[in-house]
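Chemist: Provided below: start-v2.cif, containing mmCIF, N, CA and C atoms.
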data_final
loop_
_atom_site.label_atom_id
_atom_site.label_comp_id
_atom_site.auth_asym_id
_atom_site.auth_seq_id
_atom_site.Cartn_x
_atom_site.Cartn_y
_atom_site.Cartn_z
N MET A 1 0.82 -1.18 0.00
CA MET A 1 0.00 0.00 0.00
C MET A 1 0.87 1.25 0.00
N PHE A 2 1.96 1.21 0.76
CA PHE A 2 2.87 2.34 0.85
C PHE A 2 3.50 2.61 -0.52
N TRP A 3 3.91 1.54 -1.21
CA TRP A 3 4.54 1.69 -2.51
C TRP A 3 3.55 2.22 -3.55
N LYS A 4 2.29 1.84 -3.41
CA LYS A 4 1.28 2.35 -4.33
C LYS A 4 1.08 3.85 -4.13
N LEU A 5 1.11 4.28 -2.87
CA LEU A 5 0.95 5.70 -2.56
C LEU A 5 2.14 6.50 -3.10
N ILE A 6 3.33 5.98 -2.94
CA ILE A 6 4.52 6.66 -3.47
C ILE A 6 4.44 6.74 -5.00
N LEU A 7 4.00 5.67 -5.64
CA LEU A 7 3.87 5.66 -7.09
C LEU A 7 2.85 6.68 -7.56
N VAL A 8 1.72 6.82 -6.86
CA VAL A 8 0.70 7.81 -7.21
C VAL A 8 1.25 9.21 -7.03
N VAL A 9 1.97 9.47 -5.93
CA VAL A 9 2.53 10.81 -5.67
C VAL A 9 3.56 11.15 -6.74
N LEU A 10 4.43 10.20 -7.08
CA LEU A 10 5.43 10.46 -8.12
C LEU A 10 4.79 10.69 -9.49
N THR A 11 3.75 9.94 -9.78
CA THR A 11 3.05 10.12 -11.06
C THR A 11 2.39 11.49 -11.12
N LEU A 12 1.73 11.88 -10.04
CA LEU A 12 1.11 13.21 -10.01
C LEU A 12 2.16 14.31 -10.09
N GLY A 13 3.27 14.13 -9.40
CA GLY A 13 4.35 15.13 -9.44
C GLY A 13 4.95 15.25 -10.84
N GLY A 14 5.17 14.10 -11.49
CA GLY A 14 5.70 14.14 -12.86
C GLY A 14 4.73 14.79 -13.83
N THR A 15 3.44 14.48 -13.65
CA THR A 15 2.43 15.09 -14.51
C THR A 15 2.38 16.60 -14.29
N ALA A 16 2.44 17.03 -13.03
CA ALA A 16 2.42 18.46 -12.72
C ALA A 16 3.63 19.16 -13.31
N CYS A 17 4.81 18.52 -13.18
CA CYS A 17 6.03 19.12 -13.76
C CYS A 17 5.92 19.21 -15.28
N GLY A 18 5.39 18.18 -15.91
CA GLY A 18 5.22 18.20 -17.36
C GLY A 18 4.27 19.30 -17.80
N LEU A 19 3.18 19.48 -17.06
CA LEU A 19 2.23 20.55 -17.39
C LEU A 19 2.85 21.93 -17.19
N LEU A 20 3.68 22.07 -16.14
CA LEU A 20 4.36 23.35 -15.92
C LEU A 20 5.34 23.65 -17.06
N VAL A 21 6.03 22.62 -17.53
CA VAL A 21 6.95 22.82 -18.65
C VAL A 21 6.20 23.24 -19.90
N LEU A 22 5.08 22.58 -20.17
CA LEU A 22 4.27 22.96 -21.34
C LEU A 22 3.74 24.38 -21.23
N ARG A 23 3.33 24.77 -20.02
CA ARG A 23 2.82 26.13 -19.81
C ARG A 23 3.93 27.16 -20.03
N GLN A 24 5.14 26.84 -19.53
CA GLN A 24 6.26 27.76 -19.71
C GLN A 24 6.64 27.88 -21.18
N GLN A 25 6.59 26.78 -21.93
CA GLN A 25 6.89 26.84 -23.35
C GLN A 25 5.85 27.68 -24.08
N GLU A 26 4.59 27.57 -23.68
CA GLU A 26 3.55 28.38 -24.29
C GLU A 26 3.78 29.86 -24.02
N GLN A 27 4.18 30.18 -22.78
CA GLN A 27 4.48 31.57 -22.43
C GLN A 27 5.66 32.09 -23.25
N ASP A 28 6.69 31.26 -23.44
CA ASP A 28 7.84 31.67 -24.24
C ASP A 28 7.46 31.92 -25.69
N VAL A 29 6.61 31.06 -26.23
CA VAL A 29 6.16 31.23 -27.61
C VAL A 29 5.37 32.53 -27.76
N LEU A 30 4.48 32.80 -26.81
CA LEU A 30 3.69 34.04 -26.87
C LEU A 30 4.57 35.28 -26.74
N ALA A 31 5.58 35.21 -25.87
CA ALA A 31 6.49 36.35 -25.72
C ALA A 31 7.29 36.58 -27.00
N THR A 32 7.78 35.51 -27.59
CA THR A 32 8.53 35.63 -28.84
C THR A 32 7.64 36.15 -29.96
N GLN A 33 6.41 35.68 -30.00
CA GLN A 33 5.47 36.11 -31.02
C GLN A 33 5.18 37.60 -30.90
N SER A 34 4.98 38.08 -29.68
CA SER A 34 4.70 39.51 -29.52
C SER A 34 5.92 40.35 -29.87
N THR A 35 7.12 39.86 -29.54
CA THR A 35 8.34 40.58 -29.91
C THR A 35 8.47 40.66 -31.43
N LEU A 36 8.22 39.55 -32.11
CA LEU A 36 8.31 39.54 -33.57
C LEU A 36 7.25 40.42 -34.20
N ARG A 37 6.06 40.45 -33.62
CA ARG A 37 5.02 41.34 -34.17
C ARG A 37 5.41 42.80 -34.02
N ARG A 38 6.03 43.14 -32.88
CA ARG A 38 6.51 44.52 -32.70
C ARG A 38 7.58 44.86 -33.73
N GLN A 39 8.50 43.92 -33.97
CA GLN A 39 9.55 44.16 -34.95
C GLN A 39 8.97 44.29 -36.36
N ILE A 40 7.99 43.46 -36.69
CA ILE A 40 7.35 43.54 -38.01
C ILE A 40 6.66 44.88 -38.17
N THR A 41 5.98 45.33 -37.14
CA THR A 41 5.29 46.62 -37.21
C THR A 41 6.28 47.76 -37.42
N SER A 42 7.39 47.73 -36.68
CA SER A 42 8.38 48.80 -36.84
C SER A 42 9.03 48.75 -38.22
N LEU A 43 9.28 47.55 -38.75
CA LEU A 43 9.86 47.44 -40.09
C LEU A 43 8.88 47.90 -41.16
N GLU A 44 7.59 47.59 -40.98
CA GLU A 44 6.60 48.08 -41.93
C GLU A 44 6.50 49.59 -41.90
N ASN A 45 6.59 50.19 -40.71
CA ASN A 45 6.56 51.65 -40.62
C ASN A 45 7.78 52.26 -41.30
N GLU A 46 8.95 51.66 -41.09
CA GLU A 46 10.16 52.15 -41.76
C GLU A 46 10.04 52.02 -43.27
N LEU A 47 9.46 50.90 -43.72
CA LEU A 47 9.28 50.68 -45.16
C LEU A 47 8.36 51.73 -45.75
N ARG A 48 7.27 52.02 -45.06
CA ARG A 48 6.35 53.06 -45.54
C ARG A 48 7.04 54.43 -45.60
N ALA A 49 7.84 54.73 -44.56
CA ALA A 49 8.54 56.01 -44.54
C ALA A 49 9.54 56.10 -45.69
N LYS A 50 10.25 55.01 -45.95
CA LYS A 50 11.23 55.02 -47.04
C LYS A 50 10.53 55.11 -48.40
N ALA A 51 9.40 54.44 -48.55
CA ALA A 51 8.65 54.53 -49.80
C ALA A 51 8.15 55.96 -50.02
N PHE A 52 7.71 56.60 -48.94
CA PHE A 52 7.26 57.99 -49.04
C PHE A 52 8.43 58.90 -49.43
N ARG A 53 9.59 58.65 -48.82
CA ARG A 53 10.79 59.46 -49.12
C ARG A 53 11.22 59.26 -50.57
N ILE A 54 11.17 58.01 -51.05
CA ILE A 54 11.52 57.75 -52.45
C ILE A 54 10.54 58.46 -53.37
N GLY A 55 9.26 58.42 -53.00
CA GLY A 55 8.26 59.13 -53.79
C GLY A 55 8.52 60.63 -53.83
N GLU A 56 8.96 61.19 -52.71
CA GLU A 56 9.30 62.62 -52.68
C GLU A 56 10.51 62.91 -53.56
N LEU A 57 11.54 62.05 -53.45
CA LEU A 57 12.77 62.32 -54.18
C LEU A 57 12.63 62.09 -55.68
N THR A 58 11.71 61.26 -56.10
CA THR A 58 11.54 61.01 -57.53
C THR A 58 10.42 61.84 -58.14
N ASN A 59 10.00 62.85 -57.45
CA ASN A 59 9.01 63.77 -57.98
C ASN A 59 9.62 64.48 -59.20
N LEU A 60 8.85 64.61 -60.27
CA LEU A 60 9.39 65.20 -61.50
C LEU A 60 9.86 66.63 -61.30
N GLU A 61 9.15 67.41 -60.50
CA GLU A 61 9.57 68.79 -60.25
C GLU A 61 10.92 68.82 -59.54
N ARG A 62 11.10 67.95 -58.56
CA ARG A 62 12.37 67.89 -57.83
C ARG A 62 13.51 67.45 -58.77
N LEU A 63 13.23 66.48 -59.64
CA LEU A 63 14.25 66.03 -60.58
C LEU A 63 14.62 67.13 -61.57
N ASP A 64 13.62 67.89 -62.03
CA ASP A 64 13.92 69.02 -62.92
C ASP A 64 14.75 70.08 -62.21
N ASP A 65 14.40 70.38 -60.97
CA ASP A 65 15.20 71.34 -60.19
C ASP A 65 16.64 70.86 -60.03
N TYR A 66 16.81 69.56 -59.74
CA TYR A 66 18.15 68.99 -59.59
C TYR A 66 18.93 69.09 -60.90
N ARG A 67 18.27 68.79 -62.02
CA ARG A 67 18.93 68.88 -63.33
C ARG A 67 19.37 70.31 -63.61
N ILE A 68 18.50 71.27 -63.33
CA ILE A 68 18.82 72.68 -63.58
C ILE A 68 19.97 73.13 -62.69
N ARG A 69 19.95 72.74 -61.40
CA ARG A 69 21.03 73.13 -60.49
C ARG A 69 22.37 72.56 -60.92
N THR A 70 22.39 71.28 -61.33
CA THR A 70 23.67 70.67 -61.71
C THR A 70 24.18 71.24 -63.03
N GLU A 71 23.27 71.60 -63.94
CA GLU A 71 23.73 72.20 -65.18
C GLU A 71 24.27 73.60 -64.94
N GLN A 72 23.65 74.37 -64.04
CA GLN A 72 24.12 75.71 -63.74
C GLN A 72 25.46 75.69 -63.02
N ALA A 73 25.65 74.69 -62.15
CA ALA A 73 26.92 74.59 -61.42
C ALA A 73 28.03 74.07 -62.31
N GLY A 74 27.70 73.47 -63.44
CA GLY A 74 28.70 72.94 -64.35
C GLY A 74 29.24 71.59 -63.93
N ASP A 75 28.62 70.97 -62.94
CA ASP A 75 29.10 69.68 -62.47
C ASP A 75 28.75 68.56 -63.42
N LEU A 76 27.62 68.69 -64.08
CA LEU A 76 27.10 67.57 -64.86
C LEU A 76 26.33 68.11 -66.04
N THR A 77 26.48 67.48 -67.17
CA THR A 77 25.71 67.86 -68.35
C THR A 77 24.72 66.76 -68.64
N TRP A 78 23.50 67.14 -68.86
CA TRP A 78 22.46 66.16 -69.12
C TRP A 78 22.24 66.06 -70.62
N VAL A 79 22.41 64.87 -71.15
CA VAL A 79 22.22 64.63 -72.58
C VAL A 79 21.00 63.74 -72.74
N PRO A 80 20.05 64.15 -73.57
CA PRO A 80 18.87 63.30 -73.73
C PRO A 80 19.21 62.03 -74.53
N PHE A 81 18.34 61.06 -74.44
CA PHE A 81 18.51 59.83 -75.22
C PHE A 81 18.49 60.18 -76.71
N PRO A 82 19.32 59.52 -77.52
CA PRO A 82 19.28 59.81 -78.96
C PRO A 82 18.09 59.15 -79.65
N PHE A 83 17.27 58.48 -78.91
CA PHE A 83 16.10 57.81 -79.48
C PHE A 83 14.96 57.92 -78.49
N ALA A 84 13.77 57.67 -78.97
CA ALA A 84 12.61 57.66 -78.08
C ALA A 84 12.30 56.22 -77.72
N PRO A 85 12.46 55.85 -76.46
CA PRO A 85 12.19 54.46 -76.10
C PRO A 85 10.71 54.13 -76.26
N GLU A 86 10.47 52.95 -76.77
CA GLU A 86 9.09 52.49 -76.97
C GLU A 86 8.81 51.42 -75.92
N PHE A 87 8.19 51.82 -74.85
CA PHE A 87 7.95 50.89 -73.75
C PHE A 87 6.75 49.98 -74.02
N ASP A 88 5.87 50.40 -74.93
CA ASP A 88 4.69 49.60 -75.20
C ASP A 88 4.92 48.53 -76.26
N ARG A 89 6.09 48.56 -76.90
CA ARG A 89 6.38 47.60 -77.95
C ARG A 89 6.61 46.22 -77.35
N PRO A 90 5.97 45.18 -77.88
CA PRO A 90 6.20 43.84 -77.35
C PRO A 90 7.59 43.35 -77.73
N LEU A 91 8.16 42.52 -76.89
CA LEU A 91 9.48 41.96 -77.17
C LEU A 91 9.36 40.96 -78.31
N SER A 92 10.31 41.01 -79.22
CA SER A 92 10.29 40.05 -80.33
C SER A 92 10.96 38.76 -79.87
N VAL A 93 10.32 37.66 -80.16
CA VAL A 93 10.82 36.36 -79.76
C VAL A 93 11.36 35.66 -81.00
N PRO A 94 12.65 35.27 -81.00
CA PRO A 94 13.18 34.60 -82.18
C PRO A 94 12.51 33.24 -82.36
N THR A 95 12.17 32.92 -83.60
CA THR A 95 11.51 31.65 -83.88
C THR A 95 12.54 30.63 -84.35
N VAL A 96 12.29 29.38 -84.03
CA VAL A 96 13.16 28.29 -84.44
C VAL A 96 12.62 27.75 -85.75
N PRO A 97 13.49 27.53 -86.76
CA PRO A 97 13.00 26.98 -88.03
C PRO A 97 12.32 25.63 -87.82
N ALA A 98 11.23 25.40 -88.54
CA ALA A 98 10.44 24.19 -88.36
C ALA A 98 11.20 22.95 -88.77
N ASP A 99 12.07 23.04 -89.79
CA ASP A 99 12.81 21.85 -90.22
C ASP A 99 13.82 21.42 -89.18
N LEU A 100 14.39 22.37 -88.43
CA LEU A 100 15.34 22.02 -87.38
C LEU A 100 14.63 21.29 -86.25
N VAL A 101 13.45 21.75 -85.87
CA VAL A 101 12.69 21.10 -84.81
C VAL A 101 12.30 19.70 -85.24
N ALA A 102 11.82 19.52 -86.49
CA ALA A 102 11.40 18.21 -86.97
C ALA A 102 12.60 17.26 -87.06
N ARG A 103 13.75 17.76 -87.50
CA ARG A 103 14.92 16.92 -87.62
C ARG A 103 15.39 16.42 -86.26
N GLU A 104 15.36 17.26 -85.24
CA GLU A 104 15.78 16.85 -83.90
C GLU A 104 14.80 15.86 -83.30
N GLN A 105 13.54 15.98 -83.63
CA GLN A 105 12.57 15.03 -83.09
C GLN A 105 12.70 13.67 -83.75
N ASP A 106 13.03 13.63 -85.05
CA ASP A 106 13.18 12.36 -85.75
C ASP A 106 14.46 11.63 -85.34
N ASP A 107 15.57 12.35 -85.26
CA ASP A 107 16.85 11.73 -84.95
C ASP A 107 17.48 12.45 -83.76
N PRO A 108 17.09 12.10 -82.53
CA PRO A 108 17.61 12.83 -81.36
C PRO A 108 19.09 12.52 -81.15
N ALA A 109 19.84 13.57 -80.94
CA ALA A 109 21.26 13.42 -80.65
C ALA A 109 21.42 13.14 -79.15
N PRO A 110 22.54 12.51 -78.75
CA PRO A 110 22.73 12.23 -77.32
C PRO A 110 22.76 13.49 -76.46
N SER A 111 23.09 14.64 -77.07
CA SER A 111 23.21 15.87 -76.28
C SER A 111 21.85 16.41 -75.86
N ASN A 112 20.78 16.09 -76.58
CA ASN A 112 19.49 16.65 -76.20
C ASN A 112 18.54 15.58 -75.64
N LEU A 113 19.08 14.48 -75.14
CA LEU A 113 18.24 13.48 -74.50
C LEU A 113 18.00 13.76 -73.03
N GLY A 114 18.72 14.73 -72.49
CA GLY A 114 18.51 15.08 -71.10
C GLY A 114 19.29 14.22 -70.13
N SER A 115 20.23 13.41 -70.60
CA SER A 115 21.02 12.59 -69.69
C SER A 115 22.45 13.02 -69.69
#
As structure tokens, what does this structure read like?
Modeler:
Amino acid sequence: MFWKLILVVLTLGGTACGLLVLRQQEQDVLATQSTLRRQITSLENELRAKAFRIGELTNLERLDDYRIRTEQAGDLTWVPFPFAPEFDRPLSVPTVPADLVAREQDDPAPSNLGS
């Protein structure tokens, strides 16, 4: 009977210790999570501030003022592009001759077998 009582006490003690360990791990996870959320929030705020600053610095009026100041100071000369870039033009894709494709499919060389 005495040994049964000791076994029950040790089992309850082990279970209590295990539950305390699990609770402490949960607390650690929550603390780490809140720290990471604070860091994410501060990084997002910094990102927004930098995006706003980039937007300010790339304003066309500011760029024109910078160009005029540097040309007047003689530090830099601005030369326009010798052509007008066409950004809406689709990229041309080179086509492979049909006879080359058919020839490779009929008689595959060891180099294009993928091994």
Chemist: Could you work out how far atom CA of Thr77 of chain A lies from atom N of Leu60 of chain A, giving the answer in Å with one decimal?
Modeler: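 According to the coordinates, atom N of Leu60 of chain A and atom CA of Thr77 of chain A are separated by 19.0 Å.
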Chemist: Have a look at atom N of Arg38 of chain A and atom N of Leu22 of chain A and let me know their distance in Å, one decimal.
Modeler: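 Going from atom N of Arg38 of chain A over to atom N of Leu22 of chain A, I get 24.2 Å.
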Chemist: What does the distance from atom CA of Asp64 of chain A to atom CA of Pro80 of chain A come to in Å, to one decimal?
Modeler: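 Going from atom CA of Asp64 of chain A over to atom CA of Pro80 of chain A, I get 13.2 Å.
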